[in-house]
Amino acid sequence: MADDLDIPIRDARDRLIDFLGFAQTAPLQDLSILDEQLTVPFNVSAKIPIALSQNAVNYQLDDLEDVPVQNPAGGGVISALGTGGTLLLESPQISDDVSYQVRATKVGSGRFAYLHETATVKVGLDLSLQAEILDLAFLEPTLDYLKFNDAKIVDYGTAVQINLLKSQEGVMYRLVYFEDDTELILSEVDVLGTLNDIVLSTQAVYEDTDIRIRATKTFDPAEGRETQTALLDLMLPLKVRANTALEVFIEPTEVIDFKASTSLKISNTQTSARYQLFTRQVADADFVFNDSAGIPRVVVGRESGDWNMTLEETGKTLLVVDKGEGETVQVAIDPLEPLWQVPEGFSALGTQTAGSGAALSLPVTTWSEDSFCIVQVEKTHQGRNAVLSAVSVSQIRVVFVRPNPEPELALNVTISDANAVGPVEVLGGEPGVYYHLRKKDTELDLALPAYIHQQDVLDPTENKGLNQLRIGVDFVVSRDISETSSTDEKDPTTFFPRSALLEMVSLSVGTSLELLAIKAQSGVTTPLLKSVDLAALPQISFENTAIASGQTARLIVTESIVGDNYQLFSNDVAVKQSRNGNGGELVFITEILTENTLFEVRVTQTESSGLPLTRIVPLAVTVSPAE
């Protein structure tokens with residue numbers, strides 16, 4: 001056949017010849033009859049398209065015996081005048097496969113000729129129609145050559161639209177899928193073919209589905225013909241991401257003891273999906289202490305511009321956890337991306353677990369830090385290759401861990417000569433925790449709590465600084481570092497604060513003490529498992545508290561206690577080897593003294609089951625000049 005671009009030029013040439021009258025032209029015979037895959041249902045007319053029909057040329061439908069085809073509705077033969085574009089000749093209703101030829105006649109001269117091509121129309125359902133899923137991304141967009149029926153991917157529970165090209169007139173189309181060889185309806189409604197493209201909509205789709213299209217032609221009962229129905233040849237693979245709208249629970253509770261075990265329970269898991277827990281530590285900056293809409297609050301961070309932003313302005317998600325007795329703890333976190341990507345700071349915990357079709361528990365062995373919990377859901381889809389998709393479960397959960405009930409913590413207690421308790425120094429402990437000192441079995445604090453300072457989360461070489469502390473939460477003034485050395489040039493940003501020294505109300509020895517630990521940010525509490533018994537000390541004194549320069553001093557511990565260790569110090573330096581109590585007298589002799597000297601006797605308990613305790617007895621020796 002001639003090139004389609006050549007037809008209009010030759011047609012113009014012939015019309016010019018006819019107009020000038022120096023010759024008579026015949027109709028062009030190499031026009032294309034577009035009857036590829038022209039199939040119609042039983043007793044339905046066929047519309048036969050003739051491409052690039054000539055103006056002033058009449059096109060008539062004849063059978064292969066050159067007999068004109070009559071219009072059964074009356075009006076003579078079936079014909080139409082050319083338009084310069086595609087012309088449709090509508091046949092009678094067809095009950096069997098048939099072929100036609102097209103007679104082209106010049107209107108002016110009456111000269112005619114048959115087009116070279118014939119039109120073949122088949123009766124039945126056209127199962128070779130093409131269709132595509134609209135407005136969705138391909139599962140494998142990087143393939144070199146994408147076909148219209150390559151797999152596409154959609155979110156869980158989404159309805160999609162299918163565009164069916166050149167539908168058959170009078171045929172009803174329905175979307176279906178198969179499950180264990182059972183055909184199930186997927187269409188919202190069936191759609192009647194019109195010879196044009198039609199759009200069919202699915203119901204919500206929840207799992208990977210191979211979409212098929214069923215064509216059905218139903219006849220009038222008077223015709224006595226059985227309904228024709230068949231599946232179109234094509235298959236449209238639709239892949240569905242996992243469900244993100246799942247309920248997530250921390251069991252048994254979101255506020256747990258230090259190193260306690262929990263499980264993360266996920267409801268309504270899919271057997272086609274795999275579930276993975278990701279966690280990150282809750283930073284101090286994540287805590288929220290006022291969530292009233294529009295009320296400014298401090299969003300703690302390094303950028304000063306973050307101050308005075310409201311929660312709404314940050315775009316963060318607020319999580320509120322009941323910690324008991326009508327109190328809550330609140331944290332804010334950036335919302336998760338719809339398609340999975342590991343959020344900053346998160347890491348996988350445990351292994352992937354396949355869904356069960358019901359609730360699923362992801363075990364977590366122990367927790368030692370407050371932690372955010374998110375769930376990744378991954379599926380494997382089969383396209384031309386195996387392809388993974390992953391999403392985040394939209395619900396975020398958080399675990400708050402009570403303080404360590406057995407921290408590495410010790411007490412130094414100063415004992416006066418009258419066996420009254422003086423200041424208490426708290427050594428060690430868990431960073432970010434307040435320790436409240438109380439008499440055993442009471443809830444009355446004996447002093448201000450001791451706070452254990454933290455390092456900067458962004459730079460562990462620095463202390464947590466002013467721009468990261470909240471008044472009323474963890475803003476605590478530490479002891480002066482210059483007291484510990486002969487220079488005051490130590491950088492307070494890097495020199496770790498001195499241990500807390502608690503000024504006590506006067507207590508007598510023999511008192512039993514316990515500590516309550518409270519996390520500064522979350523406010524969750526736990527009593528320490530070990531208590532402190534302020535056991536009485538034996539008589540400890542210098543034989544002579546005033547000596548002449550150049551002499552030694554003699555320290556006597558009368559009736560030393562078995563289970564105690566005694567050590568003499570001066571200026572934080574041990575003067576003599578420590579000695580264990582034996583029930584009898586212990587004697588320590590100093591070096592030669594030439595000036596007034598302050599000493600400490602530090603008594604530690606070597607066999608106690610309570611917190612490590614050092615009782616400090618301060619003593620002084622006055623040295624007079626030698627004669």
# chains A, B, ... in the order shown; residues from 1 in each chain; ligands from 1
$ residues_around --residues "range 79-84 of chain A" --least-positions-apart "2" --cutoff "8 Å" --atoms "only C-alpha atoms" --output "list in words"
Leu52, Ser53, Gln54, Asn55, Ala56, Val57, Asn58, Tyr59, Gln60, Leu61, Val77, Thr86, Leu87 and Leu89 of chain A
$ residues_around --residues "range 271-286 of chain A" --least-positions-apart "3" --cutoff "6 Å" --atoms "only C-alpha atoms" --output "compact mmCIF listing (two decimals) with all heavy atoms, in the first residue's frame"
# COMPACT_ATOMS: atom_id res chain seq x y z
N VAL A 300 13.96 21.96 71.98
CA VAL A 300 15.38 22.00 72.33
C VAL A 300 16.22 21.56 71.15
O VAL A 300 15.95 20.57 70.50
CB VAL A 300 15.65 21.10 73.55
CG1 VAL A 300 17.14 21.10 73.88
CG2 VAL A 300 14.85 21.61 74.72
N VAL A 331 6.20 12.95 73.97
CA VAL A 331 7.36 13.14 73.10
C VAL A 331 6.85 13.45 71.69
O VAL A 331 5.73 13.12 71.33
CB VAL A 331 8.27 11.89 73.06
CG1 VAL A 331 9.04 11.73 74.35
CG2 VAL A 331 7.46 10.65 72.75
N ALA A 332 7.69 14.11 70.92
CA ALA A 332 7.34 14.45 69.54
C ALA A 332 8.38 13.87 68.60
O ALA A 332 9.58 13.81 68.93
CB ALA A 332 7.26 15.97 69.38
N GLY A 345 18.90 7.88 62.65
CA GLY A 345 19.09 7.40 64.02
C GLY A 345 18.46 6.06 64.31
O GLY A 345 18.75 5.46 65.36
N PHE A 346 17.60 5.55 63.44
CA PHE A 346 16.94 4.27 63.69
C PHE A 346 17.80 3.11 63.18
O PHE A 346 18.54 3.25 62.19
CB PHE A 346 15.58 4.22 62.99
CG PHE A 346 14.48 4.89 63.75
CD1 PHE A 346 14.31 6.26 63.67
CD2 PHE A 346 13.63 4.17 64.56
CE1 PHE A 346 13.29 6.90 64.36
CE2 PHE A 346 12.60 4.79 65.26
CZ PHE A 346 12.44 6.16 65.16
N SER A 347 17.68 1.98 63.82
CA SER A 347 18.36 0.76 63.38
C SER A 347 17.46 -0.43 63.66
O SER A 347 16.58 -0.39 64.54
CB SER A 347 19.71 0.59 64.10
OG SER A 347 19.52 0.56 65.50
N ALA A 348 17.70 -1.50 62.90
CA ALA A 348 16.87 -2.70 63.03
C ALA A 348 17.14 -3.39 64.36
O ALA A 348 18.27 -3.43 64.85
CB ALA A 348 17.16 -3.65 61.88
N LEU A 349 16.08 -3.93 64.94
CA LEU A 349 16.18 -4.69 66.18
C LEU A 349 15.52 -6.04 65.94
O LEU A 349 14.34 -6.11 65.59
CB LEU A 349 15.50 -3.95 67.32
CG LEU A 349 15.58 -4.61 68.71
CD1 LEU A 349 17.03 -4.70 69.16
CD2 LEU A 349 14.76 -3.82 69.72
N GLN A 352 13.42 -10.04 60.63
CA GLN A 352 12.12 -9.99 59.97
C GLN A 352 11.28 -11.21 60.37
O GLN A 352 11.81 -12.31 60.52
CB GLN A 352 12.28 -9.98 58.46
CG GLN A 352 12.63 -8.63 57.87
CD GLN A 352 12.55 -8.66 56.36
OE1 GLN A 352 12.63 -9.71 55.72
NE2 GLN A 352 12.37 -7.49 55.75
N THR A 353 9.98 -10.98 60.52
CA THR A 353 9.07 -12.05 60.88
C THR A 353 7.90 -12.04 59.90
O THR A 353 7.31 -10.98 59.64
CB THR A 353 8.54 -11.88 62.31
OG1 THR A 353 9.65 -11.80 63.21
CG2 THR A 353 7.65 -13.04 62.71
N ALA A 354 7.57 -13.20 59.37
CA ALA A 354 6.47 -13.30 58.41
C ALA A 354 5.14 -13.08 59.11
O ALA A 354 4.94 -13.51 60.25
CB ALA A 354 6.49 -14.66 57.73
N GLY A 355 4.23 -12.40 58.41
CA GLY A 355 2.89 -12.19 58.94
C GLY A 355 2.12 -13.49 59.04
O GLY A 355 2.40 -14.47 58.33
N SER A 356 1.13 -13.51 59.92
CA SER A 356 0.38 -14.73 60.20
C SER A 356 -1.06 -14.68 59.72
O SER A 356 -1.77 -15.67 59.82
CB SER A 356 0.39 -14.99 61.71
OG SER A 356 -0.28 -13.93 62.39
N GLY A 357 -1.50 -13.52 59.23
CA GLY A 357 -2.91 -13.35 58.92
C GLY A 357 -3.72 -12.92 60.13
O GLY A 357 -4.91 -12.66 60.03
N ASP A 370 15.01 4.70 76.90
CA ASP A 370 13.75 5.13 76.29
C ASP A 370 13.90 5.04 74.78
O ASP A 370 14.90 5.52 74.22
CB ASP A 370 13.44 6.58 76.67
CG ASP A 370 13.24 6.77 78.17
OD1 ASP A 370 12.99 5.76 78.86
OD2 ASP A 370 13.36 7.92 78.63
N SER A 371 12.92 4.47 74.10
CA SER A 371 13.08 4.18 72.67
C SER A 371 11.79 4.37 71.89
O SER A 371 10.71 4.01 72.36
CB SER A 371 13.57 2.74 72.47
OG SER A 371 14.81 2.53 73.09
N PHE A 372 11.94 4.96 70.69
CA PHE A 372 10.87 4.97 69.71
C PHE A 372 10.86 3.63 68.98
O PHE A 372 11.93 3.05 68.73
CB PHE A 372 11.07 6.08 68.67
CG PHE A 372 10.84 7.46 69.20
CD1 PHE A 372 11.88 8.36 69.33
CD2 PHE A 372 9.56 7.88 69.54
CE1 PHE A 372 11.67 9.64 69.79
CE2 PHE A 372 9.33 9.16 70.01
CZ PHE A 372 10.39 10.05 70.14
N CYS A 373 9.67 3.16 68.63
CA CYS A 373 9.52 1.90 67.91
C CYS A 373 8.70 2.13 66.64
O CYS A 373 7.58 2.65 66.72
CB CYS A 373 8.80 0.85 68.77
SG CYS A 373 9.64 0.47 70.31
N ILE A 374 9.25 1.77 65.50
CA ILE A 374 8.50 1.82 64.25
C ILE A 374 8.62 0.45 63.58
O ILE A 374 9.54 -0.32 63.87
CB ILE A 374 9.00 2.93 63.31
CG1 ILE A 374 10.46 2.70 62.92
CG2 ILE A 374 8.82 4.29 63.94
CD1 ILE A 374 10.97 3.71 61.91
N VAL A 375 7.68 0.16 62.68
CA VAL A 375 7.64 -1.15 62.04
C VAL A 375 7.75 -0.97 60.53
O VAL A 375 6.98 -0.20 59.93
CB VAL A 375 6.34 -1.91 62.38
CG1 VAL A 375 6.30 -3.25 61.67
CG2 VAL A 375 6.25 -2.11 63.90
N GLN A 376 8.70 -1.66 59.95
CA GLN A 376 8.82 -1.74 58.49
C GLN A 376 8.07 -2.99 58.02
O GLN A 376 8.16 -4.05 58.64
CB GLN A 376 10.28 -1.84 58.08
CG GLN A 376 10.49 -2.01 56.58
CD GLN A 376 11.69 -2.85 56.24
OE1 GLN A 376 11.82 -3.99 56.70
NE2 GLN A 376 12.61 -2.30 55.46
N VAL A 377 7.31 -2.83 56.92
CA VAL A 377 6.62 -3.98 56.33
C VAL A 377 7.13 -4.14 54.90
O VAL A 377 7.08 -3.20 54.11
CB VAL A 377 5.09 -3.79 56.31
CG1 VAL A 377 4.42 -5.13 56.03
CG2 VAL A 377 4.60 -3.21 57.61
N GLU A 378 7.58 -5.32 54.59
CA GLU A 378 8.19 -5.57 53.28
C GLU A 378 7.44 -6.70 52.58
O GLU A 378 7.01 -7.67 53.21
CB GLU A 378 9.66 -5.95 53.47
CG GLU A 378 10.44 -6.09 52.19
CD GLU A 378 11.89 -6.45 52.46
OE1 GLU A 378 12.17 -7.63 52.74
OE2 GLU A 378 12.74 -5.53 52.41
N LYS A 379 7.28 -6.55 51.27
CA LYS A 379 6.67 -7.59 50.45
C LYS A 379 7.56 -7.86 49.24
O LYS A 379 8.30 -6.97 48.79
CB LYS A 379 5.28 -7.17 49.97
CG LYS A 379 4.23 -7.08 51.06
CD LYS A 379 2.88 -6.66 50.50
CE LYS A 379 2.24 -7.75 49.67
NZ LYS A 379 0.87 -7.37 49.22
$ residues_around --residues "Leu139 in chain A" --least-positions-apart "5" --cutoff "9 Å" --atoms "only C-alpha atoms" --output "number ranges by chain"
A: 150-154, 238-239, 381, 383, 387
$ residues_around --residues "range 585-600 of chain A" --least-positions-apart "4" --cutoff "6 Å" --atoms "only C-alpha atoms" --output "NGL selection string"
:A and (549-560 or 568-570 or 617-623)
$ residues_around --residues "Val424 in chain A" --least-positions-apart "5" --cutoff "6 Å" --atoms "only C-alpha atoms" --output "PyMOL selection string"
chain A and resi 412-413+501-502
$ write_last_selection --atoms "N, CA and C atoms" --output "PDB file, in the first residue's frame"
ATOM      1  N   ASN A 412      29.356   8.963  99.911  1.00  0.00           N
ATOM      2  CA  ASN A 412      30.331   9.383 100.926  1.00  0.00           C
ATOM      3  C   ASN A 412      29.579  10.219 101.958  1.00  0.00           C
ATOM      4  N   VAL A 413      29.644   9.821 103.206  1.00  0.00           N
ATOM      5  CA  VAL A 413      28.907  10.510 104.266  1.00  0.00           C
ATOM      6  C   VAL A 413      29.905  11.022 105.296  1.00  0.00           C
ATOM      7  N   LEU A 501      26.829  17.175  96.132  1.00  0.00           N
ATOM      8  CA  LEU A 501      27.044  17.168  97.578  1.00  0.00           C
ATOM      9  C   LEU A 501      25.767  17.672  98.228  1.00  0.00           C
ATOM     10  N   LEU A 502      25.103  16.798  98.961  1.00  0.00           N
ATOM     11  CA  LEU A 502      23.791  17.113  99.522  1.00  0.00           C
ATOM     12  C   LEU A 502      23.951  17.572 100.968  1.00  0.00           C
TER      13      LEU A 502
END
